[in-house]
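Trainee: Take this structure, written in structure tokens, and hold onto it; I'll ask about it next.
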Amino acid sequence: MNHWSTHQLTEFFAAVCSPQDERAAITIAVERAAEVLEAEVGAVLRGDRVEVARGVDRDLLDGALPAGPASQLSLPGLEDLNIGTARFGAEPRGSLMVARAGDPLDPEERQLLQAMAQTLGLALDNIALLTAERRLREEREREAAERLALVEAVREARHDSLTGLPTRVLFLEILAGKLRLTVPTSVLFIDLDRFKAVNDSLGHRAGDDLLGHVAARIRDCLRPADVGARIGGDEFAVLLDTTVADDAVPVAWRLIEALRRPFRISGRDVFIGASIGIATGTAGFDADDLLGNADVAMYRAKKDGPGKVIVFEPAMHAEALARLTLTADLRHALAADEFRLLYQPLIRLETGVATGVEALIRWKRPGRGYVPPVEFLPLAEENGMIADIGRWVLRAAGEQAARWRRTHPALTLNVNVSGRQLTDPQFAADVEQTLTGCGLPAGAVTLELTESVLMNDPRTAIACLGDLRDLGVGLAIDDFGTGYSSLSYLQRLPVDELKIDRAFISRAEPTAADLAVIRTVVELARTLKLRTVVEGVETEEQHRAMRELGCDYGQGYHLCRPIEPESVPAAFAAPLVT
Amino acid sequence: MDRVELDGRWFGTGHSTLTDPASAGAEAAAAALNGREPLVVFVFCSVGYHVPELFDGIRERVGAGTVIVGCTTSGQIGGGTVSRDGVSVTAWGGAGFAVRTHVSRNVSGRLRDAGVEAASCLGAVDQPHRALLMLADGLTGNQHEIVRGAFSVAGAVVPLVGGCAGDHLAYVRTYQFHGGRDGVEILSDAVVGVAVGSDQPLGVGIAHGWRKQGDAMIVTSSQDGRVHELDGEPALDVLLRRLGLDESILDDEEAFRQAAFSHPLGLSRRSGEDIRVIHSADRSARSLICLADVPQGALAWMMESDHGSLTDAAGQAVAQAVGTLGGRTPLGAMVFDCAARRIAIGEDGVKPEHDGIAAVIPDVPFGGFYTNGEIARVRGALGMHHFTVATLALG
């Protein structure tokens, strides 16, 4: 005959073995032992401490348990309870305890409790084993995940995470593979136009977004065998499989056309463009060299462009080399004090008297004579040296003008400023420091900026011009009328002077149409309370016409050529023209 | 006897079988309250009433601080009578009592937590004698877990008592009620915990009236309430053989249920048996379906009884509860009587059962309902029962 207690053990065993963690198993064991033995209180003790209690608060039980072995337990609100305990497990040993009112546990019940405790011990051993195994498995899984992450990271280095395109490394590997074949391979080097402006004005996230879209459009223009890659920043490259240069050109135009369409970024249409250089190679070419050639061609395209496609020619290497030499020489020039300043007076047209000078830089390159600014300033602008050069000009001219003002206190100084300088957040502070160093009042200085510089990024320009204006320096728009003039911006820019470009009076005898244009500009300037300076006055007719139109100042060979600094005092001694 | 009053403390019950819900509520409440302001009102009603209107008739008779709780049933007890369709109201009040409640909602799948939550109201009651009365949805799975959760909070000192709501044994949907004068919430899938505090002793009793029949069997395969095998043999086959029934009885669901109700399973416990009602059979799987869990490995017997034993059980349960009051005459009693017992004893047995209770506590009012599971824990740690009568006596 089956006794009830034997089979309760089966039930108990099944329940205690089901949880995966120790605490849950102990809780179930306590609960089931108390239920089966109809005990009011159940507990598991580890050492002297109650770990889990049922039927009574754990702390209360901890306090109420007799120190040594005892058969009775007194708890408030309950009649005295008979204790039954059974130990389980190896060190540290635990014990399963029940305490019930009424009858003490009979021998069979004590046996059952003992069996339950042993079952719990086995279950806990089992859980410990499983937990260790699980930890080991988790450890292995973690290691595997780390290895996978490492592989991913390597893959990442070969794939651009932003666009998913191959990186320069992978691109060169693929290109090298193609260049082992006898068929020609063309490489397109793509540089985005105006990307920096988008990044600066809409933020890096928008910039990243834009690069993703660009990559997608590039991909759309390619055949399956072609490869697009992101080389770095806003530069992309395309490998056209089995394609000669002539066939690559239409692809390049298609790419430019695709990139010229507006991109929807951050809820607005963004317009950029691209300049592309193409180089073609075949078996025996070095992949790096070929990509370099495409880069050189792109540089040329950018210079001619933007939005141009140029196929690489060997002569471009010579140009590139010349550019490199020039860059090195330019760096040397500052250190070796090879720059000179000429000054072109500004003449008050009404009186013919010089009132100020514009500082003009010249480079006396050893063995080659004077280099005109147009041959080195664009490069300086490109490589950033313009900031150093500009600082030198302001300081040299400032010191010079301060000396002249001792005898001609009203003399003013005009200095040209590049776009690169204007976007330098330190620029206004630099100007202030330089002028203070020279002892030249800010009011005696007018900084000249070209229209295109102002219009490229009017928001930054306005901010910087505001700072300069606060210093007290005057601001002029140089070559006015040649760029994209936005009259609305003109009104908002804190400028004092308009310098009307020489193109408007290029004819020795201005026509009625020429005059009408100049009159409009002069009237506009007057409305906005701006001084007008007309440039390129080379004939007496021009001079007279300008004076009659009401232009305030003039510059030009007819009035005075750019002169060496030592000639300036003489030019201020008497009216230069009458 | 509908009402009794001792030292300003009172206990009253009322009953109505009127079909108009507002009138029924009003009639039962008027009888139970008799113009006094109750601390708590228990409303047990059959499914089918328009319950909001029923409560309208009750709410207008209670005070601002009165707690109204209750549930739908498979029959009502109160006001000296028993009904299948109707409403019974049990109320008590006066000095020395305290009642706090907590409702645990959406309890399916988290019954143990629900028990813990429902018992949380005990903390707000600090009378020397306390009990936790629970009214639970009878259709939310293994209700044993609710009691285990409540016991983990209440501990061994506080007795647990109560019953699970019913719907005339349709097993479709039951409702629990909780609120007060300003409105009563009609809930399903909820456990209403009622912490009862009193200056005087509270007694809980339990009895079932069944006895073992034949040899013990081991539950060799089961899951939750479904018994697959007994002694390694398909459980349905064992049942049919033991009861001498033919396979054809399975064609008649009602006949099978009647036979099964008369022979529940008894799970071996030290102080007796835990009864499991066999509710139906799965003919193709040859398994038996019980309304509460039948643990695998448990020792079980087929149980049997006779009308006399079953009907007497109610009086025994009340006597047990009263026995713990230290000789005091009870103020009143609450009775949670299994609905399946009522089928087993038949309609003819209902009155003798009721009279049996009245004989134990003459002149003491009692109210309650026919349940889908009974809660009673006084000794040990188990508290969920079936095919049983559970009682609470207020000293």
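Identifiers in the structure tokens: chain A, B, ... in order shown; residue index from 1 per chain; ligand index from 1 in order shown.
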Just need the residues of chain B within 8 Å of chain A, counting only C-alpha atoms, so spit them out as a count of residues only.
Mentor: 22
Trainee: Any idea what's packed within 8 Å of range 367-380 of chain A, counting only C-alpha atoms, ignoring anything in its chain fewer than 5 positions away? Could you give it as a ChimeraX atom specification?
Mentor: /A:323,326-327,330,361-362,385-386
Trainee: Find the residues around range 66-80 of chain B up to 6 Å (only C-alpha atoms counted), leave out those fewer than 4 positions away in its own chain, and share them as a VMD selection string.
Mentor: chain B and resid 2 13 to 15 38 to 47 84 88 165 to 168 175 to 180 339 366 to 370
Trainee: DSSP on the backbone, strand (DSSP E or B) only: what residues of range 214-254 of chain B does that give? Format it as a list in words.
Mentor: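 In range 214-254 of chain B, DSSP puts these residues in strand (DSSP E or B): Gly214, Asp215, Ala216, Met217, Ile218, Val219, Thr220, Ser221, Ser222, Gln223, Arg226, Val227, His228, Glu229, Leu230, Glu233 and Pro234 of chain B.
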Trainee: Name all residues at most 8 Å from range 185-190 of chain B (count only C-alpha atoms; drop same-chain ones fewer than 6 positions away) and give them as a PyMOL selection string.
Mentor: chain B and resi 103-108+136-137+139-140+173-179
Trainee: Within 12 Å of Asp289 in chain A, counting only C-alpha atoms, which residues show up once you throw out same-chain ones fewer than 3 positions away? Write them as a ChimeraX atom specification, please.
Mentor: /A:172,175-176,179,187,279-282,284-286,292-296,312,314,317
Trainee: Dump all heavy atoms for the selected residues as a CSV table (one decimal), in the first residue's frame?
Mentor:
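Dumped everything to again-v2.csv:
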chain,number,residue,atom,x,y,z
A,172,LEU,N,41.0,50.5,-53.5
A,172,LEU,CA,42.3,50.3,-54.1
A,172,LEU,C,42.6,48.8,-54.3
A,172,LEU,O,43.2,48.4,-55.3
A,172,LEU,CB,43.4,50.9,-53.2
A,172,LEU,CG,43.4,52.5,-53.3
A,172,LEU,CD1,44.5,53.0,-52.3
A,172,LEU,CD2,43.7,53.0,-54.7
A,175,LEU,N,40.6,47.9,-57.4
A,175,LEU,CA,41.2,48.5,-58.5
A,175,LEU,C,42.5,47.8,-58.9
A,175,LEU,O,42.7,47.5,-60.1
A,175,LEU,CB,41.5,50.0,-58.2
A,175,LEU,CG,42.1,50.9,-59.3
A,175,LEU,CD1,41.2,50.8,-60.6
A,175,LEU,CD2,42.3,52.3,-58.8
A,176,ALA,N,43.3,47.4,-57.9
A,176,ALA,CA,44.5,46.7,-58.2
A,176,ALA,C,44.2,45.4,-58.9
A,176,ALA,O,44.9,45.0,-59.8
A,176,ALA,CB,45.3,46.4,-56.9
A,179,LEU,N,43.5,46.1,-62.5
A,179,LEU,CA,44.6,46.5,-63.2
A,179,LEU,C,45.6,45.4,-63.5
A,179,LEU,O,46.7,45.6,-64.1
A,179,LEU,CB,45.3,47.7,-62.4
A,179,LEU,CG,44.6,49.0,-62.4
A,179,LEU,CD1,45.3,50.0,-61.6
A,179,LEU,CD2,44.3,49.5,-63.8
A,187,VAL,N,38.9,55.4,-63.7
A,187,VAL,CA,38.6,55.8,-62.3
A,187,VAL,C,38.0,57.3,-62.4
A,187,VAL,O,38.6,58.1,-63.0
A,187,VAL,CB,39.8,55.7,-61.4
A,187,VAL,CG1,39.5,56.4,-60.1
A,187,VAL,CG2,40.2,54.3,-61.3
A,279,ALA,N,40.6,59.3,-64.8
A,279,ALA,CA,41.9,58.8,-65.3
A,279,ALA,C,41.7,57.3,-65.7
A,279,ALA,O,40.9,56.6,-65.1
A,279,ALA,CB,43.0,58.8,-64.1
A,280,THR,N,42.4,56.9,-66.7
A,280,THR,CA,42.2,55.6,-67.2
A,280,THR,C,43.5,54.8,-67.2
A,280,THR,O,44.6,55.4,-67.6
A,280,THR,CB,41.6,55.6,-68.7
A,280,THR,OG1,40.4,56.4,-68.6
A,280,THR,CG2,41.3,54.2,-69.2
A,281,GLY,N,43.5,53.6,-66.8
A,281,GLY,CA,44.7,52.8,-66.8
A,281,GLY,C,44.4,51.4,-67.3
A,281,GLY,O,43.3,50.9,-67.4
A,282,THR,N,45.5,50.6,-67.5
A,282,THR,CA,45.3,49.2,-67.9
A,282,THR,C,46.4,48.4,-67.2
A,282,THR,O,47.1,48.9,-66.2
A,282,THR,CB,45.3,49.1,-69.4
A,282,THR,OG1,45.1,47.7,-69.7
A,282,THR,CG2,46.6,49.6,-70.0
A,284,GLY,N,49.4,46.9,-65.5
A,284,GLY,CA,50.7,47.5,-65.2
A,284,GLY,C,50.6,48.8,-64.4
A,284,GLY,O,51.6,49.2,-63.8
A,285,PHE,N,49.4,49.4,-64.5
A,285,PHE,CA,49.3,50.6,-63.7
A,285,PHE,C,49.2,50.4,-62.2
A,285,PHE,O,48.7,49.3,-61.8
A,285,PHE,CB,47.9,51.3,-64.1
A,285,PHE,CG,48.1,52.4,-65.1
A,285,PHE,CD1,48.4,52.1,-66.5
A,285,PHE,CD2,48.0,53.8,-64.7
A,285,PHE,CE1,48.6,53.2,-67.4
A,285,PHE,CE2,48.2,54.8,-65.6
A,285,PHE,CZ,48.5,54.5,-67.0
A,286,ASP,N,49.7,51.3,-61.5
A,286,ASP,CA,49.6,51.2,-60.0
A,286,ASP,C,48.2,51.8,-59.6
A,286,ASP,O,47.9,52.9,-60.1
A,286,ASP,CB,50.7,51.9,-59.4
A,286,ASP,CG,50.6,51.9,-57.8
A,286,ASP,OD1,50.8,50.8,-57.3
A,286,ASP,OD2,50.2,52.9,-57.2
A,292,GLY,N,45.4,58.7,-57.9
A,292,GLY,CA,46.0,60.0,-57.8
A,292,GLY,C,45.8,60.9,-59.0
A,292,GLY,O,45.6,62.1,-59.0
A,293,ASN,N,46.0,60.2,-60.2
A,293,ASN,CA,45.8,60.9,-61.5
A,293,ASN,C,44.3,61.5,-61.6
A,293,ASN,O,44.1,62.6,-62.0
A,293,ASN,CB,46.0,60.0,-62.7
A,293,ASN,CG,47.5,59.7,-62.8
A,293,ASN,OD1,48.4,60.3,-62.1
A,293,ASN,ND2,47.8,58.7,-63.7
A,294,ALA,N,43.4,60.7,-61.2
A,294,ALA,CA,42.0,61.1,-61.2
A,294,ALA,C,41.8,62.3,-60.3
A,294,ALA,O,41.0,63.2,-60.6
A,294,ALA,CB,41.1,60.0,-60.9
A,295,ASP,N,42.5,62.2,-59.2
A,295,ASP,CA,42.4,63.3,-58.2
A,295,ASP,C,43.0,64.6,-58.8
A,295,ASP,O,42.4,65.7,-58.6
A,295,ASP,CB,43.2,62.9,-56.9
A,295,ASP,CG,43.1,63.8,-55.8
A,295,ASP,OD1,42.2,64.8,-55.9
A,295,ASP,OD2,43.8,63.7,-54.7
A,296,VAL,N,44.1,64.5,-59.5
A,296,VAL,CA,44.7,65.7,-60.1
A,296,VAL,C,43.8,66.3,-61.1
A,296,VAL,O,43.6,67.5,-61.2
A,296,VAL,CB,46.1,65.3,-60.8
A,296,VAL,CG1,46.5,66.4,-61.7
A,296,VAL,CG2,47.1,65.0,-59.7
A,312,PHE,N,42.2,63.3,-67.2
A,312,PHE,CA,43.6,63.5,-66.8
A,312,PHE,C,44.5,63.5,-68.0
A,312,PHE,O,44.4,62.7,-68.9
A,312,PHE,CB,44.1,62.3,-65.8
A,312,PHE,CG,45.5,62.4,-65.5
A,312,PHE,CD1,46.0,63.3,-64.6
A,312,PHE,CD2,46.4,61.5,-66.1
A,312,PHE,CE1,47.4,63.4,-64.3
A,312,PHE,CE2,47.8,61.6,-65.8
A,312,PHE,CZ,48.2,62.5,-64.9
A,314,PRO,N,48.9,64.0,-68.8
A,314,PRO,CA,50.2,63.9,-68.1
A,314,PRO,C,50.7,65.4,-67.7
A,314,PRO,O,51.3,65.5,-66.6
A,314,PRO,CB,51.1,63.3,-69.0
A,314,PRO,CG,50.3,62.4,-69.9
A,314,PRO,CD,48.9,63.1,-70.0
A,317,HIS,N,50.2,66.8,-64.3
A,317,HIS,CA,51.2,66.5,-63.2
A,317,HIS,C,52.2,67.6,-63.0
A,317,HIS,O,52.5,68.0,-61.9
A,317,HIS,CB,51.9,65.2,-63.5
A,317,HIS,CG,51.3,64.0,-62.8
A,317,HIS,ND1,51.1,64.1,-61.4
A,317,HIS,CD2,50.9,62.8,-63.2
A,317,HIS,CE1,50.6,62.9,-61.0
A,317,HIS,NE2,50.4,62.1,-62.1
Trainee: Neighbours of Ala442 in chain A within 8 Å (only C-alpha atoms; same-chain residues fewer than 5 positions away dropped), as a PyMOL selection string?
Mentor: chain A and resi 432+435+471-474
Trainee: Distance CA of Ala123 in chain A-CA of Ala114 in chain B, one decimal place?
Mentor: 28.1 Å
Trainee: Apply DSSP to the structure's backbone, then extract all residues of range 90-174 of chain B labelled alpha helix (DSSP H) and return them as an MDAnalysis selection string.
Mentor: chainID B and resid 111:119 144:154
Trainee: If you measure from CA of Thr412 in chain A to CA of Thr355 in chain A, what distance in Å do you get, rounded to one decimal?
Mentor: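 Here the two named atoms are 6.5 Å from each other.
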